[in-house]
Every structure is written in C-alpha cells, then in structure tokens.
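The next block is upload.pdb, given as PDB, N, CA and C atoms.
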```pdb
MODEL        1
ATOM      1  N   MET A   1      -6.866 -15.664 -26.251
ATOM      2  CA  MET A   1      -7.413 -14.366 -25.906
ATOM      3  C   MET A   1      -7.153 -14.086 -24.425
ATOM      4  N   ALA A   2      -6.616 -12.930 -24.136
ATOM      5  CA  ALA A   2      -6.293 -12.553 -22.751
ATOM      6  C   ALA A   2      -7.569 -12.207 -21.985
ATOM      7  N   LYS A   3      -7.596 -12.592 -20.742
ATOM      8  CA  LYS A   3      -8.739 -12.253 -19.884
ATOM      9  C   LYS A   3      -8.632 -10.805 -19.442
ATOM     10  N   ASP A   4      -9.783 -10.177 -19.257
ATOM     11  CA  ASP A   4      -9.801  -8.810 -18.730
ATOM     12  C   ASP A   4      -9.373  -8.839 -17.280
ATOM     13  N   ARG A   5      -8.638  -7.837 -16.870
ATOM     14  CA  ARG A   5      -8.217  -7.766 -15.476
ATOM     15  C   ARG A   5      -7.821  -6.346 -15.109
ATOM     16  N   ILE A   6      -7.815  -6.109 -13.817
ATOM     17  CA  ILE A   6      -7.336  -4.861 -13.248
ATOM     18  C   ILE A   6      -6.190  -5.227 -12.324
ATOM     19  N   SER A   7      -5.086  -4.520 -12.446
ATOM     20  CA  SER A   7      -3.961  -4.806 -11.557
ATOM     21  C   SER A   7      -3.352  -3.498 -11.072
ATOM     22  N   PHE A   8      -2.730  -3.573  -9.909
ATOM     23  CA  PHE A   8      -2.061  -2.423  -9.304
ATOM     24  C   PHE A   8      -0.634  -2.826  -8.979
ATOM     25  N   GLU A   9       0.250  -1.864  -8.968
ATOM     26  CA  GLU A   9       1.669  -2.129  -8.746
ATOM     27  C   GLU A   9       2.226  -1.156  -7.713
ATOM     28  N   ILE A  10       3.097  -1.649  -6.864
ATOM     29  CA  ILE A  10       3.842  -0.812  -5.926
ATOM     30  C   ILE A  10       5.293  -0.861  -6.389
ATOM     31  N   SER A  11       5.843   0.294  -6.741
ATOM     32  CA  SER A  11       7.199   0.324  -7.282
ATOM     33  C   SER A  11       7.924   1.591  -6.833
ATOM     34  N   GLY A  12       9.178   1.672  -7.193
ATOM     35  CA  GLY A  12       9.984   2.855  -6.906
ATOM     36  C   GLY A  12      10.147   3.125  -5.423
ATOM     37  N   VAL A  13      10.016   4.381  -5.042
ATOM     38  CA  VAL A  13      10.180   4.805  -3.652
ATOM     39  C   VAL A  13       9.142   4.134  -2.757
ATOM     40  N   ASP A  14       7.923   3.971  -3.262
ATOM     41  CA  ASP A  14       6.877   3.312  -2.474
ATOM     42  C   ASP A  14       7.256   1.864  -2.168
ATOM     43  N   PHE A  15       7.883   1.172  -3.114
ATOM     44  CA  PHE A  15       8.318  -0.204  -2.885
ATOM     45  C   PHE A  15       9.368  -0.253  -1.779
ATOM     46  N   ASP A  16      10.287   0.712  -1.794
ATOM     47  CA  ASP A  16      11.313   0.789  -0.738
ATOM     48  C   ASP A  16      10.678   1.031   0.631
ATOM     49  N   LYS A  17       9.675   1.910   0.688
ATOM     50  CA  LYS A  17       8.968   2.166   1.946
ATOM     51  C   LYS A  17       8.233   0.918   2.419
ATOM     52  N   LEU A  18       7.641   0.169   1.487
ATOM     53  CA  LEU A  18       6.938  -1.056   1.834
ATOM     54  C   LEU A  18       7.897  -2.110   2.379
ATOM     55  N   LYS A  19       9.065  -2.253   1.766
ATOM     56  CA  LYS A  19      10.062  -3.211   2.265
ATOM     57  C   LYS A  19      10.470  -2.883   3.696
ATOM     58  N   LYS A  20      10.678  -1.592   3.977
ATOM     59  CA  LYS A  20      11.050  -1.163   5.323
ATOM     60  C   LYS A  20       9.917  -1.454   6.311
ATOM     61  N   PHE A  21       8.669  -1.159   5.916
ATOM     62  CA  PHE A  21       7.502  -1.412   6.762
ATOM     63  C   PHE A  21       7.382  -2.910   7.062
ATOM     64  N   LYS A  22       7.542  -3.746   6.037
ATOM     65  CA  LYS A  22       7.453  -5.198   6.232
ATOM     66  C   LYS A  22       8.545  -5.694   7.176
ATOM     67  N   LYS A  23       9.738  -5.150   7.054
ATOM     68  CA  LYS A  23      10.852  -5.533   7.935
ATOM     69  C   LYS A  23      10.537  -5.158   9.383
ATOM     70  N   GLN A  24       9.975  -3.957   9.592
ATOM     71  CA  GLN A  24       9.630  -3.488  10.929
ATOM     72  C   GLN A  24       8.525  -4.326  11.560
ATOM     73  N   HIS A  25       7.706  -4.981  10.744
ATOM     74  CA  HIS A  25       6.547  -5.716  11.249
ATOM     75  C   HIS A  25       6.665  -7.226  11.061
ATOM     76  N   GLU A  26       7.865  -7.705  10.789
ATOM     77  CA  GLU A  26       8.026  -9.132  10.530
ATOM     78  C   GLU A  26       7.701 -10.001  11.748
ATOM     79  N   HIS A  27       7.743  -9.453  12.954
ATOM     80  CA  HIS A  27       7.461 -10.233  14.165
ATOM     81  C   HIS A  27       6.053 -10.009  14.715
ATOM     82  N   CYS A  28       5.237  -9.245  13.990
ATOM     83  CA  CYS A  28       3.856  -9.044  14.416
ATOM     84  C   CYS A  28       3.084 -10.351  14.241
ATOM     85  N   ILE A  29       2.099 -10.527  15.070
ATOM     86  CA  ILE A  29       1.282 -11.739  15.033
ATOM     87  C   ILE A  29       0.311 -11.653  13.862
ATOM     88  N   SER A  30       0.126 -12.765  13.175
ATOM     89  CA  SER A  30      -0.829 -12.818  12.064
ATOM     90  C   SER A  30      -2.247 -12.717  12.594
ATOM     91  N   GLY A  31      -3.158 -12.258  11.739
ATOM     92  CA  GLY A  31      -4.563 -12.162  12.110
ATOM     93  C   GLY A  31      -5.207 -13.536  12.205
ATOM     94  N   THR A  32      -6.484 -13.572  12.504
ATOM     95  CA  THR A  32      -7.194 -14.841  12.705
ATOM     96  C   THR A  32      -7.273 -15.676  11.427
ATOM     97  N   ALA A  33      -7.192 -15.045  10.271
ATOM     98  CA  ALA A  33      -7.239 -15.776   8.998
ATOM     99  C   ALA A  33      -5.841 -16.065   8.458
ATOM    100  N   GLY A  34      -4.820 -15.841   9.287
ATOM    101  CA  GLY A  34      -3.450 -16.067   8.850
ATOM    102  C   GLY A  34      -2.855 -14.890   8.105
ATOM    103  N   ASP A  35      -3.582 -13.802   8.061
ATOM    104  CA  ASP A  35      -3.105 -12.612   7.369
ATOM    105  C   ASP A  35      -2.293 -11.734   8.304
ATOM    106  N   LYS A  36      -1.296 -11.084   7.768
ATOM    107  CA  LYS A  36      -0.519 -10.125   8.546
ATOM    108  C   LYS A  36      -0.677  -8.729   7.955
ATOM    109  N   LEU A  37      -0.576  -8.621   6.652
ATOM    110  CA  LEU A  37      -0.699  -7.332   5.976
ATOM    111  C   LEU A  37      -1.895  -7.362   5.032
ATOM    112  N   SER A  38      -2.658  -6.278   5.029
ATOM    113  CA  SER A  38      -3.737  -6.132   4.050
ATOM    114  C   SER A  38      -3.416  -4.916   3.187
ATOM    115  N   TYR A  39      -3.751  -5.021   1.926
ATOM    116  CA  TYR A  39      -3.448  -3.988   0.946
ATOM    117  C   TYR A  39      -4.751  -3.440   0.389
ATOM    118  N   THR A  40      -4.894  -2.110   0.384
ATOM    119  CA  THR A  40      -6.063  -1.466  -0.197
ATOM    120  C   THR A  40      -5.593  -0.478  -1.250
ATOM    121  N   PHE A  41      -6.113  -0.625  -2.466
ATOM    122  CA  PHE A  41      -5.768   0.262  -3.572
ATOM    123  C   PHE A  41      -7.021   1.049  -3.939
ATOM    124  N   VAL A  42      -6.922   2.391  -3.899
ATOM    125  CA  VAL A  42      -8.071   3.232  -4.202
ATOM    126  C   VAL A  42      -7.692   4.200  -5.320
ATOM    127  N   PRO A  43      -8.161   3.933  -6.545
ATOM    128  CA  PRO A  43      -7.917   4.885  -7.625
ATOM    129  C   PRO A  43      -8.809   6.115  -7.433
ATOM    130  N   THR A  44      -8.225   7.294  -7.513
ATOM    131  CA  THR A  44      -8.969   8.544  -7.368
ATOM    132  C   THR A  44      -8.691   9.434  -8.569
ATOM    133  N   ALA A  45      -9.378  10.536  -8.659
ATOM    134  CA  ALA A  45      -9.126  11.501  -9.728
ATOM    135  C   ALA A  45      -7.740  12.133  -9.588
ATOM    136  N   LEU A  46      -7.171  12.085  -8.403
ATOM    137  CA  LEU A  46      -5.852  12.677  -8.156
ATOM    138  C   LEU A  46      -4.716  11.674  -8.286
ATOM    139  N   GLY A  47      -5.018  10.403  -8.409
ATOM    140  CA  GLY A  47      -3.996   9.373  -8.503
ATOM    141  C   GLY A  47      -4.399   8.163  -7.696
ATOM    142  N   LEU A  48      -3.427   7.329  -7.373
ATOM    143  CA  LEU A  48      -3.682   6.087  -6.661
ATOM    144  C   LEU A  48      -3.295   6.224  -5.196
ATOM    145  N   ALA A  49      -4.217   5.873  -4.301
ATOM    146  CA  ALA A  49      -3.946   5.850  -2.862
ATOM    147  C   ALA A  49      -3.816   4.387  -2.451
ATOM    148  N   VAL A  50      -2.723   4.051  -1.788
ATOM    149  CA  VAL A  50      -2.463   2.687  -1.348
ATOM    150  C   VAL A  50      -2.288   2.691   0.168
ATOM    151  N   THR A  51      -3.028   1.836   0.861
ATOM    152  CA  THR A  51      -2.876   1.686   2.302
ATOM    153  C   THR A  51      -2.508   0.247   2.595
ATOM    154  N   ILE A  52      -1.432   0.070   3.360
ATOM    155  CA  ILE A  52      -1.032  -1.250   3.842
ATOM    156  C   ILE A  52      -1.256  -1.237   5.337
ATOM    157  N   LYS A  53      -2.024  -2.192   5.837
ATOM    158  CA  LYS A  53      -2.348  -2.257   7.261
ATOM    159  C   LYS A  53      -1.790  -3.553   7.828
ATOM    160  N   CYS A  54      -1.041  -3.442   8.922
ATOM    161  CA  CYS A  54      -0.500  -4.597   9.618
ATOM    162  C   CYS A  54      -1.532  -5.090  10.636
ATOM    163  N   SER A  55      -1.444  -6.363  10.984
ATOM    164  CA  SER A  55      -2.358  -6.929  11.971
ATOM    165  C   SER A  55      -2.208  -6.268  13.340
ATOM    166  N   CYS A  56      -1.082  -5.577  13.584
ATOM    167  CA  CYS A  56      -0.891  -4.866  14.848
ATOM    168  C   CYS A  56      -1.659  -3.548  14.883
ATOM    169  N   GLY A  57      -2.194  -3.129  13.724
ATOM    170  CA  GLY A  57      -2.990  -1.909  13.670
ATOM    171  C   GLY A  57      -2.309  -0.732  13.001
ATOM    172  N   GLN A  58      -1.018  -0.805  12.753
ATOM    173  CA  GLN A  58      -0.304   0.315  12.133
ATOM    174  C   GLN A  58      -0.531   0.319  10.626
ATOM    175  N   ASP A  59      -0.678   1.518  10.063
ATOM    176  CA  ASP A  59      -0.905   1.700   8.633
ATOM    177  C   ASP A  59       0.297   2.351   7.969
ATOM    178  N   LEU A  60       0.459   2.060   6.693
ATOM    179  CA  LEU A  60       1.423   2.745   5.841
ATOM    180  C   LEU A  60       0.651   3.283   4.653
ATOM    181  N   LEU A  61       0.745   4.585   4.379
ATOM    182  CA  LEU A  61       0.042   5.221   3.277
ATOM    183  C   LEU A  61       1.039   5.485   2.151
ATOM    184  N   LEU A  62       0.720   4.959   0.978
ATOM    185  CA  LEU A  62       1.564   5.129  -0.199
ATOM    186  C   LEU A  62       0.710   5.622  -1.357
ATOM    187  N   GLY A  63       1.333   5.872  -2.485
ATOM    188  CA  GLY A  63       0.608   6.237  -3.695
ATOM    189  C   GLY A  63       0.987   7.612  -4.186
ATOM    190  N   ASN A  64       0.537   7.903  -5.390
ATOM    191  CA  ASN A  64       0.894   9.169  -6.033
ATOM    192  C   ASN A  64      -0.205  10.224  -5.954
ATOM    193  N   PHE A  65      -1.240   9.985  -5.162
ATOM    194  CA  PHE A  65      -2.369  10.917  -5.119
ATOM    195  C   PHE A  65      -2.016  12.265  -4.508
ATOM    196  N   MET A  66      -0.923  12.371  -3.781
ATOM    197  CA  MET A  66      -0.516  13.653  -3.184
ATOM    198  C   MET A  66       0.647  14.293  -3.953
ATOM    199  N   ASP A  67       0.994  13.771  -5.124
ATOM    200  CA  ASP A  67       2.141  14.262  -5.881
ATOM    201  C   ASP A  67       1.853  15.505  -6.712
ATOM    202  N   HIS A  68       0.627  15.949  -6.767
ATOM    203  CA  HIS A  68       0.257  17.076  -7.603
ATOM    204  C   HIS A  68       0.719  18.388  -6.980
ATOM    205  N   GLU A  69       1.108  19.323  -7.821
ATOM    206  CA  GLU A  69       1.651  20.609  -7.373
ATOM    207  C   GLU A  69       0.737  21.342  -6.401
ATOM    208  N   GLY A  70      -0.563  21.268  -6.582
ATOM    209  CA  GLY A  70      -1.505  21.981  -5.727
ATOM    210  C   GLY A  70      -1.512  21.490  -4.291
ATOM    211  N   TRP A  71      -0.995  20.282  -4.041
ATOM    212  CA  TRP A  71      -1.011  19.699  -2.694
ATOM    213  C   TRP A  71       0.277  19.951  -1.924
ATOM    214  N   ARG A  72       1.302  20.424  -2.618
ATOM    215  CA  ARG A  72       2.609  20.609  -1.948
ATOM    216  C   ARG A  72       2.607  21.896  -1.139
ATOM    217  N   VAL A  73       3.227  21.825   0.029
ATOM    218  CA  VAL A  73       3.317  22.984   0.920
ATOM    219  C   VAL A  73       4.707  23.570   0.834
TER
ENDMDL
END
```
Could you show the structure in this file as structure tokens?
Amino acid sequence: MAKDRISFEISGVDFDKLKKFKKQHEHCISGTAGDKLSYTFVPTALGLAVTIKCSCGQDLLLGNFMDHEGWRV
C-alpha cells in the first residue's frame, strides 16, 4: 500500500530558470545549517507559487499562479 504524500515539481521553463539561478549562485556561501537554497511551495486558488531563496538573500519567483488571462498586461 502506497503512503499518502504531497509532492511538488519544478519543470519546463521554470526548471530552466532554476538551473540558471543555481549557476549564478554556485559560489554563494552556504547558510549556518549548510543550506544554500531554500524552496517554498505555496498552492493558491490561482495556481502554484514557488520561491527559491539563496543564502545571499536573492529570491527567484516561479510558478503558474500568474499565468491566468486576467493577470496579463
């Protein structure tokens, strides 16, 4: 019997943006717990918001929550 779980995925264009972000931050110093990047996944009524934060303080915002027609300018 499979265990219940929740999982999130970064793929497509967002995955390409994440690879570029990781490359740009490969020389940043790790945090006190040995962490360099933290990932936050926030499911919303509009879609999924993903924030990747580097230990240097810079953020990368990904996800499909802004893909809806009403949000496009």
What does the distance from atom C of Thr44 in chain A to CA of His25 in chain A come to in Å, to one decimal?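 Interatomic distance, atom C of Thr44 in chain A to CA of His25 in chain A: 29.2 Å.
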Mind checking which residues fall within 8 Å of Leu37 in chain A, counting only C-alpha atoms, ignoring those fewer than 3 positions away in the same chain, and posting them as a VMD selection string? chain A and resid 52 to 55
I need the residue nearest Phe65 in chain A from this list: A:Leu18, A:Gln24, A:Thr51, A:Leu46. Use only C-alpha atoms for the distance.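 Going through A:Leu18, A:Gln24, A:Thr51, A:Leu46 one by one, the smallest distance to Phe65 in chain A is for A:Leu46.
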Between A:Cys28, A:Ala33, A:Leu62, A:Ala45, which is the closest to Asp14 in chain A once you count all atoms listed in the file?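 Looking at the shortest contact to Asp14 in chain A, the residue is A:Leu62.
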Using DSSP on the backbone, list every residue of chain A that comes out as alpha helix (DSSP H), and give them as a PyMOL selection string. chain A and resi 12-24
When you draw a straight line from CA of Gly12 in chain A to CA of Gly47 in chain A, how long is it in Å? 15.5 Å
Would you work out the distance separating atom C of Lys22 in chain A from CA of Gly34 in chain A, expressed in Å to one decimal? 15.9 Å
Could you tell me which residues the PyMOL selection byres (((chain A and resi 49 and name CA) around 6) and name CA) returns for this structure, as a PyMOL selection string? chain A and resi 41-42+48+50+63+65
Quick check for you: according to DSSP on this backbone, which residues of chain A are classed as strand (DSSP E)? Reply as an MDAnalysis selection string. chainID A and resid 37:44 47:54 59:63
Range 1-18 of chain A: axis-aligned bounding box, 6 Å on each side, centre and edge lengths in Å, one decimal, as lines of an AutoDock Vina configuration file:
```
center_x = 0.8
center_y = -5.4
center_z = -11.9
size_x = 33.1
size_y = 32.5
size_z = 40.7
```
